[in-house]
file query12.cif (mmCIF, C-alpha atoms)
data_query
#
loop_
_atom_site.group_PDB
_atom_site.id
_atom_site.type_symbol
_atom_site.label_atom_id
_atom_site.label_comp_id
_atom_site.auth_asym_id
_atom_site.auth_seq_id
_atom_site.Cartn_x
_atom_site.Cartn_y
_atom_site.Cartn_z
ATOM 1 C CA MET A 1 0.000 0.000 0.000
ATOM 2 C CA LYS A 2 3.063 2.216 0.069
ATOM 3 C CA GLN A 3 2.515 3.091 -3.571
ATOM 4 C CA ILE A 4 -0.983 4.309 -2.811
ATOM 5 C CA ASP A 5 0.168 6.606 -0.044
ATOM 6 C CA GLU A 6 2.952 8.004 -2.218
ATOM 7 C CA ASN A 7 0.408 8.818 -4.884
ATOM 8 C CA LEU A 8 -1.991 10.397 -2.413
ATOM 9 C CA ARG A 9 0.768 12.763 -1.403
ATOM 10 C CA ARG A 10 1.545 13.503 -5.035
ATOM 11 C CA VAL A 11 -2.086 14.266 -5.880
ATOM 12 C CA TYR A 12 -2.400 16.522 -2.854
ATOM 13 C CA ARG A 13 0.888 18.289 -3.414
ATOM 14 C CA GLU A 14 0.179 18.872 -7.053
ATOM 15 C CA VAL A 15 -2.675 21.213 -6.160
ATOM 16 C CA GLU A 16 -0.928 22.592 -3.114
ATOM 17 C CA LYS A 17 2.067 23.780 -5.094
ATOM 18 C CA ASP A 18 -0.065 25.683 -7.604
ATOM 19 C CA ASP A 19 -0.093 29.445 -7.372
ATOM 20 C CA VAL A 20 -3.064 30.669 -5.399
ATOM 21 C CA PRO A 21 -5.406 32.577 -7.733
ATOM 22 C CA ASP A 22 -5.609 36.339 -7.246
ATOM 23 C CA ARG A 23 -9.268 36.129 -6.318
ATOM 24 C CA PHE A 24 -8.271 34.930 -2.852
ATOM 25 C CA LYS A 25 -5.912 37.794 -2.187
ATOM 26 C CA GLN A 26 -8.647 40.154 -3.336
ATOM 27 C CA LEU A 27 -11.128 38.406 -1.087
ATOM 28 C CA LEU A 28 -8.863 38.777 1.949
ATOM 29 C CA ASP A 29 -8.319 42.460 1.132
ATOM 30 C CA LYS A 30 -12.062 42.964 0.892
ATOM 31 C CA LEU A 31 -12.676 41.254 4.235
ATOM 32 C CA ARG A 32 -9.990 43.375 5.891
ATOM 33 C CA GLN A 33 -11.497 46.563 4.501
ATOM 34 C CA GLN A 34 -14.956 45.598 5.698
ATOM 35 C CA ASP A 35 -13.554 45.054 9.179
ATOM 36 C CA SER A 36 -11.783 48.374 9.345
ATOM 37 C CA SER A 37 -14.883 50.239 8.201
ATOM 38 C CA ASP A 38 -16.963 48.356 10.782
ATOM 39 C CA GLU A 39 -14.673 49.380 13.602
ATOM 40 C CA LYS A 40 -15.088 53.101 13.233
ATOM 41 C CA MET B 1 -1.370 46.443 19.574
ATOM 42 C CA LYS B 2 -1.607 42.744 20.153
ATOM 43 C CA ASN B 3 1.440 40.616 20.728
ATOM 44 C CA ASN B 4 0.013 37.694 18.862
ATOM 45 C CA ARG B 5 -0.561 37.729 15.192
ATOM 46 C CA ASP B 6 -4.172 37.892 14.176
ATOM 47 C CA PRO B 7 -4.965 34.348 13.010
ATOM 48 C CA ARG B 8 -6.878 35.870 10.108
ATOM 49 C CA GLU B 9 -3.576 37.139 8.768
ATOM 50 C CA GLU B 10 -2.317 33.563 8.752
ATOM 51 C CA MET B 11 -5.182 32.248 6.654
ATOM 52 C CA VAL B 12 -3.359 33.122 3.464
ATOM 53 C CA GLU B 13 -0.673 30.561 4.320
ATOM 54 C CA HIS B 14 -3.273 27.808 4.387
ATOM 55 C CA LEU B 15 -4.859 28.623 1.030
ATOM 56 C CA PRO B 16 -2.795 26.064 -0.921
ATOM 57 C CA ALA B 17 -3.767 23.312 1.517
ATOM 58 C CA LEU B 18 -7.410 24.378 1.506
ATOM 59 C CA ARG B 19 -7.442 24.234 -2.278
ATOM 60 C CA ALA B 20 -5.901 20.775 -2.285
ATOM 61 C CA PHE B 21 -8.440 19.520 0.259
ATOM 62 C CA ALA B 22 -11.286 21.182 -1.648
ATOM 63 C CA MET B 23 -10.215 19.450 -4.859
ATOM 64 C CA SER B 24 -10.379 16.077 -3.162
ATOM 65 C CA LEU B 25 -13.884 16.830 -1.918
ATOM 66 C CA THR B 26 -15.381 18.426 -5.031
ATOM 67 C CA ARG B 27 -13.243 16.809 -7.780
ATOM 68 C CA ASN B 28 -13.743 19.968 -9.799
ATOM 69 C CA PRO B 29 -11.380 22.958 -9.899
ATOM 70 C CA SER B 30 -13.985 25.688 -10.119
ATOM 71 C CA ALA B 31 -16.220 24.125 -7.458
ATOM 72 C CA ALA B 32 -13.105 23.699 -5.322
ATOM 73 C CA ASP B 33 -12.228 27.376 -5.510
ATOM 74 C CA ASP B 34 -15.822 28.385 -4.756
ATOM 75 C CA LEU B 35 -15.663 26.153 -1.703
ATOM 76 C CA VAL B 36 -12.392 27.746 -0.585
ATOM 77 C CA GLN B 37 -13.917 31.199 -0.982
ATOM 78 C CA ASP B 38 -16.914 30.165 1.105
ATOM 79 C CA THR B 39 -14.565 28.708 3.720
ATOM 80 C CA ILE B 40 -12.493 31.871 4.003
ATOM 81 C CA GLU B 41 -15.580 34.058 4.355
ATOM 82 C CA LYS B 42 -17.051 31.820 7.037
ATOM 83 C CA ALA B 43 -13.750 31.496 8.886
ATOM 84 C CA TRP B 44 -13.184 35.247 8.802
ATOM 85 C CA LYS B 45 -16.580 35.924 10.345
ATOM 86 C CA SER B 46 -16.269 33.283 13.027
ATOM 87 C CA ILE B 47 -12.638 33.843 13.942
ATOM 88 C CA LYS B 48 -13.649 34.375 17.578
ATOM 89 C CA SER B 49 -14.447 30.685 17.826
ATOM 90 C CA PHE B 50 -10.857 29.817 16.945
ATOM 91 C CA THR B 51 -8.713 29.076 20.001
ATOM 92 C CA PRO B 52 -5.330 30.765 19.563
ATOM 93 C CA GLY B 53 -2.460 28.346 19.788
ATOM 94 C CA THR B 54 -4.465 25.457 18.351
ATOM 95 C CA ASN B 55 -4.115 24.132 14.838
ATOM 96 C CA LEU B 56 -5.440 26.772 12.462
ATOM 97 C CA ARG B 57 -5.245 24.466 9.459
ATOM 98 C CA ALA B 58 -7.352 21.819 11.190
ATOM 99 C CA TRP B 59 -9.875 24.485 12.166
ATOM 100 C CA LEU B 60 -10.076 25.760 8.579
ATOM 101 C CA PHE B 61 -10.390 22.230 7.192
ATOM 102 C CA THR B 62 -13.253 21.581 9.596
ATOM 103 C CA ILE B 63 -15.073 24.688 8.390
ATOM 104 C CA GLN B 64 -14.414 23.691 4.816
ATOM 105 C CA ARG B 65 -15.806 20.207 5.128
ATOM 106 C CA ASN B 66 -18.883 21.504 6.957
ATOM 107 C CA ALA B 67 -19.419 24.024 4.168
ATOM 108 C CA PHE B 68 -18.968 21.293 1.585
ATOM 109 C CA TYR B 69 -21.487 18.933 3.166
ATOM 110 C CA SER B 70 -24.071 21.606 3.783
ATOM 111 C CA SER B 71 -23.941 22.891 0.193
ATOM 112 C CA ARG B 72 -24.057 19.319 -1.026
ATOM 113 C CA ARG B 73 -27.224 18.660 0.931
ATOM 114 C CA LYS B 74 -28.740 21.788 -0.574
ATOM 115 C CA VAL B 75 -27.802 21.032 -4.124
ATOM 116 C CA LYS B 76 -28.300 17.274 -4.066
ATOM 117 C CA ARG B 77 -27.071 16.901 -7.549
ATOM 118 C CA GLU B 78 -24.550 14.173 -6.976
ATOM 119 C CA VAL B 79 -25.518 11.418 -9.375
ATOM 120 C CA ALA B 80 -24.850 8.122 -7.690
ATOM 121 C CA ASP B 81 -24.899 6.238 -10.966
ATOM 122 C CA VAL B 82 -21.993 8.109 -12.471
ATOM 123 C CA ASP B 83 -19.597 6.597 -9.959
ATOM 124 C CA GLY B 84 -20.624 3.080 -10.853
ATOM 125 C CA ILE B 85 -20.501 3.653 -14.595
ATOM 126 C CA MET B 86 -17.098 5.278 -14.446
ATOM 127 C CA ALA B 87 -15.733 2.650 -12.120
ATOM 128 C CA ALA B 88 -16.910 -0.108 -14.436
ATOM 129 C CA GLY B 89 -15.229 1.499 -17.419
ATOM 130 C CA LEU B 90 -11.993 2.107 -15.669
ATOM 131 C CA ALA B 91 -9.118 -0.060 -16.633
ATOM 132 C CA VAL B 92 -5.793 1.170 -15.454
ATOM 133 C CA LYS B 93 -2.602 -0.694 -15.909
ATOM 134 C CA PRO B 94 0.694 0.250 -14.352
ATOM 135 C CA ASP B 95 3.306 1.654 -16.686
ATOM 136 C CA HIS B 96 5.939 -0.667 -18.044
ATOM 137 C CA ASP B 97 8.156 0.306 -15.134
ATOM 138 C CA GLY B 98 5.445 -0.584 -12.662
ATOM 139 C CA ARG B 99 4.852 2.985 -11.640
ATOM 140 C CA LEU B 100 1.372 4.404 -11.794
ATOM 141 C CA ALA B 101 0.715 7.447 -13.879
ATOM 142 C CA LEU B 102 -0.571 10.207 -11.660
ATOM 143 C CA ASN B 103 -3.609 10.775 -13.856
ATOM 144 C CA ASP B 104 -4.618 7.152 -13.573
ATOM 145 C CA PHE B 105 -4.281 7.342 -9.852
ATOM 146 C CA ARG B 106 -6.351 10.510 -9.718
ATOM 147 C CA THR B 107 -9.070 8.967 -11.867
ATOM 148 C CA ALA B 108 -9.254 5.988 -9.545
ATOM 149 C CA PHE B 109 -9.220 8.202 -6.460
ATOM 150 C CA GLU B 110 -12.193 10.138 -7.787
ATOM 151 C CA GLN B 111 -14.240 6.953 -7.931
ATOM 152 C CA LEU B 112 -14.130 6.573 -4.172
ATOM 153 C CA PRO B 113 -17.018 7.648 -1.957
ATOM 154 C CA VAL B 114 -16.481 11.056 -0.430
ATOM 155 C CA GLU B 115 -15.906 9.736 3.120
ATOM 156 C CA GLN B 116 -13.041 7.605 1.851
ATOM 157 C CA ARG B 117 -11.533 10.416 -0.239
ATOM 158 C CA GLU B 118 -11.706 12.676 2.753
ATOM 159 C CA ALA B 119 -10.100 10.193 5.150
ATOM 160 C CA LEU B 120 -7.346 9.350 2.666
ATOM 161 C CA ILE B 121 -6.505 12.918 1.796
ATOM 162 C CA LEU B 122 -6.465 14.014 5.434
ATOM 163 C CA VAL B 123 -4.182 11.253 6.652
ATOM 164 C CA GLY B 124 -2.445 10.114 3.470
ATOM 165 C CA GLY B 125 -2.265 13.378 1.548
ATOM 166 C CA SER B 126 -1.966 16.187 4.032
ATOM 167 C CA GLY B 127 -0.390 14.222 6.849
ATOM 168 C CA PHE B 128 -2.835 14.766 9.697
ATOM 169 C CA ALA B 129 -2.839 12.168 12.467
ATOM 170 C CA TYR B 130 -5.796 9.772 12.537
ATOM 171 C CA GLU B 131 -6.884 11.435 15.785
ATOM 172 C CA GLU B 132 -6.893 14.886 14.189
ATOM 173 C CA ALA B 133 -8.774 13.648 11.142
ATOM 174 C CA ALA B 134 -11.331 11.968 13.389
ATOM 175 C CA GLU B 135 -11.885 15.174 15.290
ATOM 176 C CA MET B 136 -12.287 17.191 12.090
ATOM 177 C CA CYS B 137 -14.826 14.745 10.734
ATOM 178 C CA GLY B 138 -16.626 14.343 14.056
ATOM 179 C CA VAL B 139 -16.248 10.562 14.087
ATOM 180 C CA ALA B 140 -14.297 7.959 16.068
ATOM 181 C CA VAL B 141 -10.646 7.284 15.258
ATOM 182 C CA GLY B 142 -11.565 3.719 14.302
ATOM 183 C CA THR B 143 -14.039 5.051 11.753
ATOM 184 C CA ILE B 144 -11.356 7.143 10.052
ATOM 185 C CA LYS B 145 -8.986 4.187 10.053
ATOM 186 C CA SER B 146 -11.538 1.900 8.488
ATOM 187 C CA ARG B 147 -12.547 4.489 5.869
ATOM 188 C CA ALA B 148 -8.905 5.006 4.955
ATOM 189 C CA ASN B 149 -8.278 1.278 4.793
ATOM 190 C CA ARG B 150 -11.338 0.618 2.672
ATOM 191 C CA GLY B 151 -10.270 3.458 0.396
ATOM 192 C CA ARG B 152 -6.765 2.030 0.017
ATOM 193 C CA LYS B 153 -8.195 -1.388 -0.724
ATOM 194 C CA ARG B 154 -10.581 -0.041 -3.318
ATOM 195 C CA LEU B 155 -7.785 1.929 -4.980
ATOM 196 C CA ALA B 156 -5.674 -1.199 -5.123
ATOM 197 C CA GLU B 157 -8.571 -2.985 -6.843
ATOM 198 C CA LEU B 158 -9.233 -0.198 -9.304
ATOM 199 C CA LEU B 159 -5.556 0.050 -10.131
ATOM 200 C CA HIS B 160 -5.162 -3.703 -10.335
ATOM 201 C CA LEU B 161 -2.557 -3.812 -7.644
ATOM 202 C CA SER B 162 -2.681 -7.140 -5.975
ATOM 203 C CA GLU B 163 -2.964 -7.262 -2.222
ATOM 204 C CA GLY B 164 0.371 -6.632 -0.590
ATOM 205 C CA GLU B 165 2.043 -5.685 -3.830
ATOM 206 C CA ASP B 166 4.436 -2.925 -3.101
ATOM 207 C CA PRO B 167 6.613 -2.089 -6.050
ATOM 208 C CA THR B 168 9.545 0.087 -5.261
ATOM 209 C CA ILE B 169 9.247 3.555 -6.621
ATOM 210 C CA SER B 170 12.584 3.893 -8.262
ATOM 211 C CA ASP B 171 11.722 6.771 -10.530
ATOM 212 C CA ALA B 172 14.285 9.510 -10.044
ATOM 213 C CA ASN B 173 11.807 12.312 -10.621
ATOM 214 C CA THR B 174 9.470 11.081 -7.940
ATOM 215 C CA ALA B 175 12.324 10.749 -5.522
ATOM 216 C CA SER B 176 13.508 14.289 -6.158
ATOM 217 C CA VAL B 177 9.998 15.716 -5.913
ATOM 218 C CA LEU B 178 9.589 14.013 -2.574
ATOM 219 C CA ALA B 179 12.958 15.197 -1.374
ATOM 220 C CA ALA B 180 12.317 18.763 -2.492
ATOM 221 C CA SER B 181 8.909 19.034 -0.893
ATOM 222 C CA PRO B 182 8.520 22.187 1.159
ATOM 223 C CA GLN B 183 8.440 21.790 4.886
ATOM 224 C CA GLN B 184 5.022 22.019 6.367
ATOM 225 C CA GLY B 185 4.666 24.955 8.656
#
call {"tool": "encode", "arguments": {"input": "query12.cif", "output": "structure tokens"}}
result
Amino acid sequence: MKQIDENLRRVYREVEKDDVPDRFKQLLDKLRQQDSSDEK
Amino acid sequence: MKNNRDPREEMVEHLPALRAFAMSLTRNPSAADDLVQDTIEKAWKSIKSFTPGTNLRAWLFTIQRNAFYSSRRKVKREVADVDGIMAAGLAVKPDHDGRLALNDFRTAFEQLPVEQREALILVGGSGFAYEEAAEMCGVAVGTIKSRANRGRKRLAELLHLSEGEDPTISDANTASVLAASPQQG
């Protein structure tokens, strides 16, 4: 079963090593801005 | 100013892992990214329920799987038949060197029921302990172990690996990819 576990790690890592799409950085920026406008 | 970093500022570091987990749940890149977006929004709003000093990734994964299952219940468009049809048509043979092509493996993995995919990716893919995976999924450790074992067995069947067969992975590329893998933080 070692081969299966190796491949599980490969499948997982293949996505993990991809660049994170910009939409997520934009989303985090948006959430931060909402918070700072809520505070004041 | 706080001494501790706001955990929300650490979420960005877990995006790659969230995307990888989302892919294993949804099996579809655009659905996976929608799920990650949903997860981040939910996590951001409920950050007060995160206990500082505990495992942020596990907390995010828990939110993500809850979001996945609740949207799945709403949509209910999973077609049970498709799994059976695809599984029946699947015939994967190892390469001449005995090593599985990653695409073949992925195709077989996607045939598994979601509970098995989840258990395998949590413990086999992302390296959580069985105990952590059990906590995230809200089930007993034994349940996670048996889901993972059934998943491994089913994969072996789909990939025509005989029980106990354990060919050595001698491929130089695989070895270097494994060696060069980034350390998990």
call {"tool": "closest_residue", "arguments": {"input": "query12.cif", "among": "B:Val139, B:Ala32, B:Leu158, B:Met23", "to": "Thr107 (chain B)", "atoms": "all atoms listed in the file"}}
result
B:Leu158
call {"tool": "atom_distance", "arguments": {"input": "query12.cif", "atom1": "CA of Ala108 (chain B)", "atom2": "CA of Cys137 (chain B)"}}
result
22.8 Å
call {"tool": "resolve_selection", "arguments": {"input": "query12.cif", "expression": "the PyMOL selection byres ((chain A) within 6 of (chain B))", "output": "PDB file with C-alpha atoms, in the frame of the given file"}}
result
ATOM      1  CA  ASP A   5       0.168   6.606  -0.044  1.00  0.00           C
ATOM      2  CA  LEU A   8      -1.991  10.397  -2.413  1.00  0.00           C
ATOM      3  CA  ARG A   9       0.768  12.763  -1.403  1.00  0.00           C
ATOM      4  CA  TYR A  12      -2.400  16.522  -2.854  1.00  0.00           C
ATOM      5  CA  VAL A  15      -2.675  21.213  -6.160  1.00  0.00           C
ATOM      6  CA  GLU A  16      -0.928  22.592  -3.114  1.00  0.00           C
TER       7      GLU A  16
END
call {"tool": "closest_residue", "arguments": {"input": "query12.cif", "among": "B:Arg147, B:Asp6, B:Tyr69, B:Gly53", "to": "Arg32 (chain A)", "atoms": "all atoms listed in the file"}}
result
B:Asp6
call {"tool": "atom_distance", "arguments": {"input": "query12.cif", "atom1": "CA of Met136 (chain B)", "atom2": "CA of Arg65 (chain B)"}}
result
8.4 Å
call {"tool": "atom_distance", "arguments": {"input": "query12.cif", "atom1": "CA of Asp29 (chain A)", "atom2": "CA of Phe128 (chain B)"}}
result
29.5 Å
call {"tool": "residues_around", "arguments": {"input": "query12.cif", "residues": "Asp38 (chain B)", "least_positions_apart": "5", "cutoff": "9 Å", "atoms": "all atoms listed in the file", "output": "mmCIF file with C-alpha atoms, keeping the file's coordinate frame"}}
result
data_model
loop_
_atom_site.group_PDB
_atom_site.id
_atom_site.type_symbol
_atom_site.label_atom_id
_atom_site.label_comp_id
_atom_site.auth_asym_id
_atom_site.auth_seq_id
_atom_site.Cartn_x
_atom_site.Cartn_y
_atom_site.Cartn_z
ATOM 1 C CA ASP B 33 -12.228 27.376 -5.510
ATOM 2 C CA ALA B 43 -13.750 31.496 8.886
ATOM 3 C CA GLN B 64 -14.414 23.691 4.816
ATOM 4 C CA ALA B 67 -19.419 24.024 4.168
#
call {"tool": "decode", "arguments": {"input": "query12.cif", "residues": "chain A", "atoms": "C-alpha atoms", "output": "mmCIF file, in the first residue's frame"}}
result
data_model
loop_
_atom_site.group_PDB
_atom_site.id
_atom_site.type_symbol
_atom_site.label_atom_id
_atom_site.label_comp_id
_atom_site.auth_asym_id
_atom_site.auth_seq_id
_atom_site.Cartn_x
_atom_site.Cartn_y
_atom_site.Cartn_z
ATOM 1 C CA MET A 1 0.000 0.000 0.000
ATOM 2 C CA LYS A 2 3.063 2.216 0.069
ATOM 3 C CA GLN A 3 2.515 3.091 -3.571
ATOM 4 C CA ILE A 4 -0.983 4.309 -2.811
ATOM 5 C CA ASP A 5 0.168 6.606 -0.044
ATOM 6 C CA GLU A 6 2.952 8.004 -2.218
ATOM 7 C CA ASN A 7 0.408 8.818 -4.884
ATOM 8 C CA LEU A 8 -1.991 10.397 -2.413
ATOM 9 C CA ARG A 9 0.768 12.763 -1.403
ATOM 10 C CA ARG A 10 1.545 13.503 -5.035
ATOM 11 C CA VAL A 11 -2.086 14.266 -5.880
ATOM 12 C CA TYR A 12 -2.400 16.522 -2.854
ATOM 13 C CA ARG A 13 0.888 18.289 -3.414
ATOM 14 C CA GLU A 14 0.179 18.872 -7.053
ATOM 15 C CA VAL A 15 -2.675 21.213 -6.160
ATOM 16 C CA GLU A 16 -0.928 22.592 -3.114
ATOM 17 C CA LYS A 17 2.067 23.780 -5.094
ATOM 18 C CA ASP A 18 -0.065 25.683 -7.604
ATOM 19 C CA ASP A 19 -0.093 29.445 -7.372
ATOM 20 C CA VAL A 20 -3.064 30.669 -5.399
ATOM 21 C CA PRO A 21 -5.406 32.577 -7.733
ATOM 22 C CA ASP A 22 -5.609 36.339 -7.246
ATOM 23 C CA ARG A 23 -9.268 36.129 -6.318
ATOM 24 C CA PHE A 24 -8.271 34.930 -2.852
ATOM 25 C CA LYS A 25 -5.912 37.794 -2.187
ATOM 26 C CA GLN A 26 -8.647 40.154 -3.336
ATOM 27 C CA LEU A 27 -11.128 38.406 -1.087
ATOM 28 C CA LEU A 28 -8.863 38.777 1.949
ATOM 29 C CA ASP A 29 -8.319 42.460 1.132
ATOM 30 C CA LYS A 30 -12.062 42.964 0.892
ATOM 31 C CA LEU A 31 -12.676 41.254 4.235
ATOM 32 C CA ARG A 32 -9.990 43.375 5.891
ATOM 33 C CA GLN A 33 -11.497 46.563 4.501
ATOM 34 C CA GLN A 34 -14.956 45.598 5.698
ATOM 35 C CA ASP A 35 -13.554 45.054 9.179
ATOM 36 C CA SER A 36 -11.783 48.374 9.345
ATOM 37 C CA SER A 37 -14.883 50.239 8.201
ATOM 38 C CA ASP A 38 -16.963 48.356 10.782
ATOM 39 C CA GLU A 39 -14.673 49.380 13.602
ATOM 40 C CA LYS A 40 -15.088 53.101 13.233
#
